[in-house]
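Report on the structure given below.
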Amino acid sequence: MPERRTVALVTLGCARNEVDSEELAGRLEADGWDLVKDAADADVAVVNTCGFVEAAKKDSVDALLEANDLKGHGRTQAVVAVGCMAERYGKDLAEALPEADGVLGFDDYADISDRLQTILSGGVHAAHTPRDRRKLLPISPAQRQESAASVALPGHGPAAEAPEAAPADLPEGLAPASGPRAPLRRRLDGAPVASVKLASGCDRRCSFCAIPSFRGSFISRRPSDVLNETRWLAEQGVKEIMLVSENNTSYGKDLGDIRLLESLLPELAEVDGLERVRVSYLQPAEMRPGLIDVLTSTPKVVPYFDLSFQHSAPDVLRAMRRFGDTDRFLELLDTIRGKAPEAGVRSNFIVGFPGETEADLAELERFLNGARLDAIGVFGYSDEEGTEAATYENKLDEDVVAERLARVSRLAEELVSQRAEERVGETVHVLVESVDDEGVYGRGAHQAPETDGQVLLTSGEGLSVGRMVEAKVVGTEGVDLVAEPLDGSLACSEEADR
């Protein structure tokens with residue numbers, strides 16, 4: 001019997017990329033590839049790249065070069081780039097980075113096995129020519145679902161219609177494609193939390209963002225596909241799902257119901273075995289009273305608000321092609337906390353945007369001081385090719401941007417530490433994510449994976465990954481919390497294990 005082909009998937013960037021990697025893994029395993037964790041043990045190393053900002057693109061290039069260094073020193077024979085940077089730059093990336101043996105776009109995902117086999121056999125698959133993916137679907141959201149079957153949408157399943165029934169010989173642990181656009185999916189780790197793609201693309205035209213051009217127009221997944229994938233993940237032991245897309249607040253608009261998320265969330269919360277449902281990527285300008293109500297009152301749906309503020313000075317926001325101001329944003333937060341005082345809120349901000357004045361920066365600082373955010377990401381502005389902002393005049397000097405970035409970052413660090421201290425005395429429900437010699441760590445309802453800090457439990461004897469523990473916050477370490485399990489909480493966890 002010939003030796004099976006092996007492949008390793010190296011994922012960079014956001015949770016959406018992680019979902020795409022697991023779809024690629026599912027396709028490859030269903031076609032007979034063996035998945036390995038270490039690129040050094042793989043015939044082909046597939047690097048799922050990020051193409052959002054310069055730092056992320058540099059990380060992607062570094063990962064490709066690191067994988068290329070393995071060639072000739074072990075099993076690795078080929079390195080292939082996929083993901084957003086590969087989609088965005090295509091043949092230009094291939095020419096600039098000859099170390100990559102292949103640069104595959106989203107249209108190649110349905111045939112990923114054949115593409116990798118061609119490359120592994122010494123053949124050449126021409127890198128794709130980038131195109132504006134916003135033009136692949138109708139301008140009218142209501143007309144997009146009918147056209148979607150012919151468009152590659154990573155994380156949505158095959159572009160061609162899937163068979164009515166899944167093949168009977170699928171490997172164990174591989175999610176069957178149960179609907180016309182449901183993806184095959186193979187989990188790449190055993191973490192108790194997993195992301196589920198709610199939609200793809202974005203219809204907003206923020207002047208600093210290039211994502212819509214290579215991710216395309218906004219299109220929702222059907223609720224049945226989201227539910228079926230969630231049920232499968234729960235069967236795999238997942239306790240928390242995080243709904244991801246470029247803009248979750250737009251979910252359903254192309255399905256005829258802009259309030260579809262409000263009805264879907266309670267259904268997801270009822271999936272057997274699931275403990276938490278978390279929603280990420282919310283647009284402040286699109287928040288609805290009904291959505292706030294569902295997010296703050298539905299059992300197992302955590303009151304967590306990942307709000308994309310970006311700035312709070314009106315003039316800067318208008319230049320960004322966004323809406324709002326400090327007072328309206330603070331009113332939104334007051335509304336949320338009036339319904340759920342313990343709600344978690346995080347956001348990202350850009351400083352040094354073209355034309356930003358000292359008064360604008362002071363306005364942003366006023367907002368940050370009043371917002372009591374649990375997690376804050378701060379980025380210095382830099383031009384992104386193909387964006388409207390790259391053409392703006394009144395660019396700030398790099399040293400001014402760097403100074404403002406350092407200034408706001410210091411303030412953000414101080415404020416999130418203060419917000420963590422406000423939680424001392426609160427009761428938190430902690431999902432245990434790691435148990436080792438360094439301690440027992442997990443996350444509370446107000447903390448999303450990787451971005452918002454974690455909780456160190458002061459006692460964890462008998463606890464295992466995936467358990468929910470009720471604990472009282474007794475201290476802080478910066479943004480992180482230290483919590484003491486409540487009487488009976490550990491016993492309940494032990495009983496659940498039996």
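Following the order of the structure tokens, first chain is A, next is B, and so on, with residues numbered from 1 inside each chain and ligands from 1 in the order they appear.
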
| When DSSP works through the backbone of this structure, what residues of range 369-404 of chain A end up as strand (DSSP E), shown as a ChimeraX atom specification? | /A:375-380

Would you write out those residues with C-alpha atoms, as a tab-separated table (two decimals), in the first residue's frame?
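Printed below is selection.tsv as written:
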chain	number	residue	atom	x	y	z
A	375	ALA	CA	-10.43	44.86	26.51
A	376	ILE	CA	-9.00	47.48	24.17
A	377	GLY	CA	-6.94	47.04	21.03
A	378	VAL	CA	-5.09	50.11	19.75
A	379	PHE	CA	-3.48	50.36	16.32
A	380	GLY	CA	-1.50	53.11	14.67

| request: Find the residues around range 439-446 of chain A up to 10 Å (only C-alpha atoms counted), leave out those fewer than 3 positions away in its own chain, and share them as a ChimeraX atom specification. | output: /A:276-278,300-306,342-346,374-375,427-436,449-450,452-461,463-471,480-483

| task | Just the residues within 8 Å of Thr11 in chain A, please, counting only C-alpha atoms, with nothing from its chain fewer than 5 positions along; format it as a PyMOL selection string. | result | chain A and resi 17-18+21+47-49
